[in-house]
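Visitor: As input, take coords.txt (compact mmCIF, C-alpha atoms and all ligand atoms):
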```
# COMPACT_ATOMS: atom_id res chain seq x y z
CA MET A 1 185.33 -56.49 24.10
CA ILE A 2 189.08 -56.26 24.62
CA ILE A 3 189.83 -57.83 21.22
CA GLU A 4 188.09 -54.94 19.44
CA GLU A 5 189.78 -52.44 21.78
CA MET A 6 193.21 -53.83 20.83
CA GLN A 7 192.29 -53.67 17.15
CA ARG A 8 191.33 -50.00 17.51
CA TYR A 9 194.48 -49.31 19.52
CA TYR A 10 196.85 -50.76 16.92
CA GLY A 11 194.82 -49.21 14.13
CA GLN A 12 195.38 -45.76 15.60
CA ARG A 13 198.96 -46.44 16.64
CA ALA A 14 200.00 -47.45 13.11
CA PRO A 15 201.60 -44.14 12.02
CA VAL A 16 203.80 -44.00 15.14
CA TYR A 17 204.23 -47.74 15.72
CA ASP A 18 207.72 -48.17 14.27
CA SER A 19 209.14 -45.10 16.00
CA SER A 20 207.49 -46.03 19.31
CA MET A 21 209.20 -49.44 19.08
CA GLY A 22 212.57 -47.89 18.25
CA TYR A 23 212.48 -49.50 14.80
CA ASP A 24 213.74 -46.25 13.29
CA ASP A 25 216.69 -46.26 15.68
CA GLU A 26 219.95 -47.84 14.54
CA VAL A 27 220.99 -48.94 18.02
CA THR A 28 217.68 -50.71 18.70
CA VAL A 29 217.73 -52.43 15.33
CA ARG A 30 221.35 -53.51 15.85
CA ARG A 31 220.43 -54.96 19.25
CA LEU A 32 217.71 -57.00 17.53
CA GLY A 33 220.33 -58.40 15.12
CA PRO A 34 220.28 -61.99 16.47
CA ILE A 35 216.47 -62.10 16.16
CA ILE A 36 216.53 -60.60 12.68
CA ASP A 37 219.12 -63.18 11.63
CA ARG A 38 216.92 -66.02 12.86
CA VAL A 39 213.94 -64.66 10.96
CA ARG A 40 215.99 -64.45 7.76
CA GLU A 41 217.31 -67.97 8.29
CA ALA A 42 213.98 -69.63 9.22
CA MET A 43 212.02 -68.01 6.37
CA SER A 44 214.67 -68.70 3.72
CA GLY A 45 213.21 -70.12 0.51
CA ARG A 46 209.77 -70.52 2.10
CA HIS A 47 206.28 -69.35 1.25
CA VAL A 48 205.48 -67.31 4.31
CA LEU A 49 202.22 -66.24 5.87
CA GLU A 50 203.05 -63.39 8.22
CA ILE A 51 200.31 -62.89 10.77
CA ALA A 52 199.61 -59.42 12.21
CA CYS A 53 202.46 -57.86 10.23
CA GLY A 54 201.73 -54.31 11.41
CA PRO A 55 203.72 -51.66 9.55
CA GLY A 56 205.99 -54.35 8.13
CA PHE A 57 209.20 -53.96 10.12
CA TRP A 58 209.70 -57.75 10.27
CA THR A 59 208.30 -58.26 6.78
CA GLN A 60 211.43 -56.48 5.53
CA PHE A 61 213.72 -59.18 6.90
CA ALA A 62 211.49 -62.16 6.12
CA SER A 63 211.14 -60.99 2.52
CA GLU A 64 214.92 -60.75 2.07
CA THR A 65 215.17 -64.53 2.01
CA ALA A 66 211.63 -65.90 1.57
CA ALA A 67 210.31 -67.16 -1.75
CA SER A 68 207.11 -65.20 -1.09
CA VAL A 69 205.38 -63.43 1.79
CA VAL A 70 201.69 -62.78 2.37
CA ALA A 71 201.77 -60.25 5.17
CA MET A 72 198.37 -59.81 6.77
CA ASP A 73 196.94 -57.55 9.41
CA TYR A 74 193.47 -56.67 10.65
CA ASN A 75 194.06 -52.93 10.32
CA GLN A 76 194.30 -51.28 6.92
CA SER A 77 196.16 -48.38 8.61
CA THR A 78 199.09 -50.67 9.47
CA LEU A 79 199.16 -52.09 5.94
CA ASP A 80 199.21 -48.52 4.58
CA GLU A 81 202.37 -47.94 6.62
CA ALA A 82 203.88 -51.22 5.38
CA ARG A 83 203.11 -50.19 1.79
CA LYS A 84 205.47 -47.18 2.25
CA LYS A 85 208.41 -49.50 2.94
CA SER A 86 210.67 -50.57 0.14
CA LEU A 87 209.60 -54.20 0.20
CA PRO A 88 210.10 -56.52 -2.80
CA PHE A 89 206.44 -56.25 -3.86
CA ASP A 90 206.94 -58.79 -6.64
CA ARG A 91 207.17 -61.39 -3.82
CA VAL A 92 205.29 -59.63 -1.01
CA SER A 93 201.58 -59.03 -0.84
CA LEU A 94 199.77 -57.15 1.91
CA LEU A 95 196.38 -58.41 2.93
CA GLN A 96 193.72 -57.18 5.32
CA ALA A 97 192.47 -60.25 7.18
CA ASP A 98 191.63 -61.62 10.61
CA ALA A 99 194.16 -63.81 12.42
CA TYR A 100 191.26 -65.73 13.93
CA ARG A 101 190.05 -66.69 10.44
CA LEU A 102 193.26 -67.85 8.78
CA ASP A 103 191.20 -70.41 6.85
CA LEU A 104 189.89 -67.57 4.67
CA ILE A 105 193.33 -66.56 3.40
CA PRO A 106 194.11 -67.89 -0.07
CA GLY A 107 197.52 -69.48 -0.70
CA VAL A 108 199.73 -72.40 0.21
CA PHE A 109 202.34 -71.76 2.89
CA ASP A 110 205.24 -73.62 4.43
CA ALA A 111 206.11 -71.02 7.04
CA ILE A 112 204.24 -68.83 9.47
CA LEU A 113 205.74 -65.81 11.15
CA ALA A 114 204.09 -63.69 13.83
CA VAL A 115 205.98 -61.08 15.81
CA ASP A 116 204.49 -59.50 18.92
CA TRP A 117 201.21 -61.19 18.23
CA LEU A 118 200.86 -64.33 20.38
CA ALA A 119 201.28 -62.21 23.51
CA HIS A 120 198.04 -60.41 22.62
CA VAL A 121 195.86 -63.45 21.96
CA PRO A 122 193.34 -64.01 24.78
CA LEU A 123 194.05 -67.23 26.67
CA SER A 124 190.61 -68.51 25.70
CA LYS A 125 191.55 -68.20 22.01
CA ILE A 126 195.14 -69.45 21.97
CA GLU A 127 194.38 -73.08 21.22
CA ALA A 128 191.96 -72.24 18.40
CA PHE A 129 194.41 -69.69 16.99
CA LEU A 130 197.34 -72.15 17.04
CA SER A 131 195.19 -74.85 15.52
CA GLY A 132 194.14 -72.43 12.75
CA ALA A 133 197.78 -71.53 12.09
CA ILE A 134 199.08 -75.12 12.12
CA ARG A 135 196.27 -76.20 9.80
CA ARG A 136 197.57 -73.71 7.18
CA VAL A 137 200.88 -75.56 6.76
CA SER A 138 202.06 -79.07 6.09
CA ALA A 139 204.46 -81.31 8.01
CA GLY A 140 208.03 -80.00 7.85
CA SER A 141 206.93 -76.38 7.78
CA VAL A 142 208.03 -73.86 10.38
CA LEU A 143 205.96 -71.63 12.61
CA MET A 144 207.87 -68.85 14.32
CA PHE A 145 206.33 -66.74 17.06
CA ILE A 146 208.45 -63.92 18.44
CA ASP A 147 207.43 -61.95 21.50
CA GLN A 148 208.89 -59.55 24.02
CA LEU A 149 210.42 -60.52 27.33
CA PRO A 150 209.23 -58.32 30.19
CA GLY A 151 210.93 -54.96 30.66
CA GLU A 152 211.15 -52.64 33.63
CA HIS A 153 207.53 -51.42 33.45
CA SER A 154 205.94 -54.47 31.84
CA ARG A 155 204.54 -55.80 35.09
CA ASN A 156 202.37 -52.71 35.60
CA GLY A 157 198.93 -54.08 35.02
CA PHE A 158 196.47 -56.62 36.34
CA PHE A 159 195.02 -60.01 35.50
CA ASP A 160 191.46 -60.20 34.24
CA GLN A 161 189.04 -62.95 35.21
CA GLU A 162 190.29 -65.19 32.39
CA GLY A 163 193.91 -64.83 33.55
CA ASN A 164 194.99 -62.46 30.77
CA PHE A 165 197.51 -59.84 31.86
CA ILE A 166 196.06 -56.41 31.02
CA GLN A 167 198.10 -53.26 30.46
CA GLU A 168 196.93 -49.72 29.83
CA ARG A 169 198.46 -47.96 26.83
CA THR A 170 198.28 -44.27 25.95
CA LEU A 171 198.61 -42.90 22.43
CA PRO A 172 200.10 -39.49 21.59
CA ASP A 173 196.57 -38.01 21.44
CA VAL A 174 196.24 -39.22 25.06
CA SER A 175 193.53 -41.75 24.24
CA VAL A 176 193.86 -44.76 26.55
CA PHE A 177 193.35 -48.41 25.60
CA ARG A 178 193.55 -51.73 27.39
CA VAL A 179 195.63 -54.47 25.78
CA ILE A 180 196.34 -58.07 26.68
CA LYS A 181 200.06 -58.72 27.04
CA HIS A 182 201.24 -62.14 28.14
CA PHE A 183 204.75 -62.93 29.35
CA PHE A 184 204.62 -66.70 29.11
CA SER A 185 206.84 -69.15 30.96
CA ASP A 186 208.33 -72.09 29.06
CA GLU A 187 205.87 -74.37 30.86
CA GLN A 188 202.89 -72.33 29.65
CA ILE A 189 204.18 -72.40 26.07
CA GLU A 190 204.80 -76.15 26.24
CA ALA A 191 201.25 -76.67 27.49
CA GLN A 192 199.82 -74.55 24.66
CA PHE A 193 201.56 -76.68 22.01
CA SER A 194 201.14 -80.02 23.77
CA GLY A 195 198.04 -80.96 21.77
CA PHE A 196 199.83 -80.61 18.43
CA GLY A 197 202.28 -83.12 16.98
CA GLY A 198 205.61 -81.49 16.29
CA GLU A 199 208.92 -80.23 17.53
CA LEU A 200 208.85 -77.22 19.83
CA ARG A 201 211.84 -75.00 20.54
CA ILE A 202 211.82 -72.05 22.93
CA GLN A 203 214.74 -69.64 22.86
CA ARG A 204 215.12 -66.62 25.11
CA PHE A 205 217.34 -63.68 24.16
CA PRO A 206 217.47 -61.39 27.22
CA GLU A 207 219.94 -59.04 25.50
CA CYS A 208 217.35 -58.48 22.75
CA ARG A 209 214.39 -58.67 25.18
CA ARG A 210 212.85 -61.28 22.91
CA LEU A 211 211.60 -64.82 22.94
CA ILE A 212 211.43 -67.07 19.89
CA VAL A 213 209.02 -69.97 19.84
CA SER A 214 209.57 -72.25 16.85
CA PHE A 215 207.30 -75.15 16.06
CA MET A 216 207.76 -77.70 13.32
CA PRO A 217 204.68 -79.86 12.80
CA THR A 218 205.59 -83.49 12.18
CA GLN A 219 202.13 -84.41 11.01
CA SER A 220 199.82 -82.50 8.75
CA GLU A 221 196.73 -81.07 10.43
CA GLN A 222 195.48 -79.77 7.09
CA GLY A 223 191.89 -80.74 6.49
CA VAL A 224 191.50 -82.13 10.01
CA THR A 225 188.31 -80.88 11.61
CA PRO A 226 188.90 -79.98 15.24
CA ASN A 227 186.53 -81.34 17.86
CA ALA A 228 183.70 -78.95 18.70
C1 LIG B 301 202.01 -55.48 18.58
S1 LIG B 301 201.52 -55.20 16.92
C2 LIG B 301 202.75 -56.12 16.04
C3 LIG B 301 202.96 -55.67 14.62
C4 LIG B 301 204.11 -56.33 13.85
N1 LIG B 301 204.05 -57.75 13.89
C5 LIG B 301 205.44 -55.87 14.40
O1 LIG B 301 206.00 -56.59 15.24
O2 LIG B 301 205.92 -54.82 13.99
C6 LIG B 301 200.09 -56.23 16.81
C7 LIG B 301 199.40 -56.21 15.46
O3 LIG B 301 198.27 -57.08 15.50
C8 LIG B 301 197.29 -56.56 14.64
N2 LIG B 301 196.02 -57.21 14.94
C9 LIG B 301 195.20 -57.03 15.99
N3 LIG B 301 194.15 -57.87 15.93
C10 LIG B 301 194.31 -58.61 14.81
C11 LIG B 301 193.57 -59.65 14.19
N4 LIG B 301 192.45 -60.12 14.74
N5 LIG B 301 194.03 -60.17 13.04
C12 LIG B 301 195.18 -59.72 12.48
N6 LIG B 301 195.91 -58.74 13.01
C13 LIG B 301 195.49 -58.19 14.17
C14 LIG B 301 197.35 -55.06 14.93
O4 LIG B 301 196.74 -54.30 13.93
C15 LIG B 301 198.84 -54.85 15.05
O5 LIG B 301 199.41 -54.49 13.81
```
Starting from the file, lay out its structure as structure tokens.
Ligand SMILES: C[S@@+](CC[C@H](N)C(=O)[O-])C[C@H]1O[C@@H](n2cnc3c(N)ncnc32)[C@H](O)[C@@H]1O
Guide:
Amino acid sequence: MIIEEMQRYYGQRAPVYDSSMGYDDEVTVRRLGPIIDRVREAMSGRHVLEIACGPGFWTQFASETAASVVAMDYNQSTLDEARKKSLPFDRVSLLQADAYRLDLIPGVFDAILAVDWLAHVPLSKIEAFLSGAIRRVSAGSVLMFIDQLPGEHSRNGFFDQEGNFIQERTLPDVSVFRVIKHFFSDEQIEAQFSGFGGELRIQRFPECRRLIVSFMPTQSEQGVTPNA
């Protein structure tokens, strides 16, 4: 299954993830400044559940302003990398968990942050994932999903039968993995959120090669059992 393949891929990529993303490069980080500022601003004073935190690059900025952050990831190897960062561990906890079972995570949250995560969720699971995320917060909370805009080589790949865009990725040890990587249009994003009551905002930052999707639920879905 491609979900397990992606989990293995990011598990093995953990030690080189930040450098492969340019997160150890001043120029790249400076270029991401507008995105970083929005993360700081949106998470300010909130109790944040960060989904698929990876080695914690974005956790650093969320935790600068948040009241608390539970940063979770499926792979212990990514959390081990995050642990090496100088995060304010009195307010940040790292948790191994599954983004498809957010109901199992203890805590009360009024913000959700997920960077470079939604683009990897299979189309068949997006609605259930969003529902699981929205059900973890109350009305007036904020959900922020940040993903990449396509780059020069991003379109190298193919669509699987379900309509997921599949790319091949190679790690330094030359092992090759398939990953799902969506580049959603505004219309696709609007359709994904259309079943949930709330305010949706889509912002594109071509100069940062990023997209921010913010959603503020106007009604609480907590405790609501979804239809089978
Ligand atoms: C593209 S990386 C993004 C990491 C981090 N958010 C960042 O931007 O630096 C995707 C992350 O999703 C994690 N992941 C994959 N499947 C997951 C799952 N089912 N539940 C939680 N995390 C998962 C991977 O371990 C990886 O850290």
Visitor: Neighbouring residues of Val121 (chain A) were defined as those with any atom within 9 Å, considering all atoms listed in the file; residues of the same chain fewer than 4 positions away were excluded. Please report them as an mmCIF file with C-alpha atoms, in the frame of the given file.
Guide:
```
data_model
loop_
_atom_site.group_PDB
_atom_site.id
_atom_site.type_symbol
_atom_site.label_atom_id
_atom_site.label_comp_id
_atom_site.auth_asym_id
_atom_site.auth_seq_id
_atom_site.Cartn_x
_atom_site.Cartn_y
_atom_site.Cartn_z
ATOM 1 C CA ILE A 3 189.830 -57.830 21.220
ATOM 2 C CA TRP A 117 201.210 -61.190 18.230
ATOM 3 C CA LYS A 125 191.550 -68.200 22.010
ATOM 4 C CA ILE A 126 195.140 -69.450 21.970
ATOM 5 C CA PHE A 129 194.410 -69.690 16.990
ATOM 6 C CA ASN A 164 194.990 -62.460 30.770
ATOM 7 C CA ILE A 180 196.340 -58.070 26.680
ATOM 8 C CA LYS A 181 200.060 -58.720 27.040
ATOM 9 C CA HIS A 182 201.240 -62.140 28.140
#
```
Visitor: Would you list the residues that come within 7 Å of ligand LIG 301 (chain B)? Count only C-alpha atoms and all ligand atoms and give the answer as JSON, numbers by chain.
Guide: {"A": [3, 6, 7, 10, 11, 18, 51, 52, 53, 54, 55, 56, 57, 58, 72, 73, 74, 75, 78, 97, 98, 99, 100, 114, 115, 116, 117]}
Visitor: Just the number, please: distance in Å from CA of Ile112 (chain A) to CA of Leu49 (chain A), one decimal.
Guide: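 Between these atoms lies a distance of 4.9 Å.
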Visitor: So the first atom is CA of Phe196 (chain A) and the second is CA of Pro217 (chain A); what is the distance between them in Å, to one decimal place?
Guide: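 Pair CA of Phe196 (chain A) / CA of Pro217 (chain A) returns 7.5 Å.
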Visitor: Which neighbours of Met1 (chain A) fall inside 12 Å, counting all atoms listed in the file, when residues of the same chain fewer than 6 positions from it are skipped, and could you give them as a count of residues only?
Guide: 7
Visitor: Choose the residue, out of A:Ser93, A:Ser141, A:Ser124, A:Asn156, that has the smallest atom-to-atom separation from Ala42 (chain A); count all atoms listed in the file.
Guide: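 Of A:Ser93, A:Ser141, A:Ser124, A:Asn156, the one nearest Ala42 (chain A) is A:Ser141, counting all atoms listed in the file.
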Visitor: Please report the interatomic distance between CA of Phe145 (chain A) and CA of Ser19 (chain A) in Å with one decimal.
Guide: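 Between these atoms lies a distance of 21.8 Å.
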Visitor: Show which residues sit within 9 Å of Thr218 (chain A), as a ChimeraX atom specification. Count all atoms listed in the file, and ignore same-chain residues fewer than 5 positions away.
Guide: /A:138-141,196-199
Visitor: Select, counting all atoms listed in the file, all protein, DNA and RNA residues no farther than 12 Å from (217.5, -70.1, 27.5) in file coordinates, and express the selection as number ranges by chain.
Guide: A: 149, 185-186, 201-207, 210-213
Visitor: Write out the residues from the selection above, keeping C-alpha atoms, as an mmCIF file, in the frame of the given file.
Guide:
```cif
data_model
loop_
_atom_site.group_PDB
_atom_site.id
_atom_site.type_symbol
_atom_site.label_atom_id
_atom_site.label_comp_id
_atom_site.auth_asym_id
_atom_site.auth_seq_id
_atom_site.Cartn_x
_atom_site.Cartn_y
_atom_site.Cartn_z
ATOM 1 C CA LEU A 149 210.420 -60.520 27.330
ATOM 2 C CA SER A 185 206.840 -69.150 30.960
ATOM 3 C CA ASP A 186 208.330 -72.090 29.060
ATOM 4 C CA ARG A 201 211.840 -75.000 20.540
ATOM 5 C CA ILE A 202 211.820 -72.050 22.930
ATOM 6 C CA GLN A 203 214.740 -69.640 22.860
ATOM 7 C CA ARG A 204 215.120 -66.620 25.110
ATOM 8 C CA PHE A 205 217.340 -63.680 24.160
ATOM 9 C CA PRO A 206 217.470 -61.390 27.220
ATOM 10 C CA GLU A 207 219.940 -59.040 25.500
ATOM 11 C CA ARG A 210 212.850 -61.280 22.910
ATOM 12 C CA LEU A 211 211.600 -64.820 22.940
ATOM 13 C CA ILE A 212 211.430 -67.070 19.890
ATOM 14 C CA VAL A 213 209.020 -69.970 19.840
#
```
Visitor: Give the answer as one residue: which of A:Ile134, A:Asp25, A:Met144, A:Asp160 has the shortest atom-to-atom distance to Arg40 (chain A), using all atoms listed in the file?
Guide: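 Comparing A:Ile134, A:Asp25, A:Met144, A:Asp160 against Arg40 (chain A), the winner is A:Met144.
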Visitor: Extract, using all atoms listed in the file, all DNA, RNA and protein residues at most 10 Å from Thr59 (chain A), discarding same-chain residues fewer than 3 positions from it, and format them as a list in words.
Guide: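 The contact residues come out as Val39, Arg40, Val48, Glu50, Cys53, Gly54, Pro55, Gly56, Ala62, Ser63, Glu64, Ala66, Val69, Val70, Ala71, Ala82, Lys85, Leu87, Pro88, Val92, Leu94, Leu113, Ala114 and Val115 of chain A.
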Visitor: From the set A:Val137, A:Ile146, A:Ile2, A:Ala128, which residue has the shortest atom-to-atom contact distance to Arg209 (chain A), counting only C-alpha atoms?
Guide: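 Checking each of A:Val137, A:Ile146, A:Ile2, A:Ala128 against Arg209 (chain A), counting only C-alpha atoms, the winner is A:Ile146.
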Visitor: Looking at only C-alpha atoms, which of A:Leu32, A:Ala111, A:Ser154, A:Phe61 is the one that sits closest to Arg169 (chain A)?
Guide: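 The closest residue to Arg169 (chain A) is A:Ser154.
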Visitor: Looking at A:Arg91, A:Arg136, A:Arg83, A:His153, which one is nearest to Ala67 (chain A), with distances taken over all atoms listed in the file?
Guide: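 Smallest distance to Ala67 (chain A) is found for A:Arg91.
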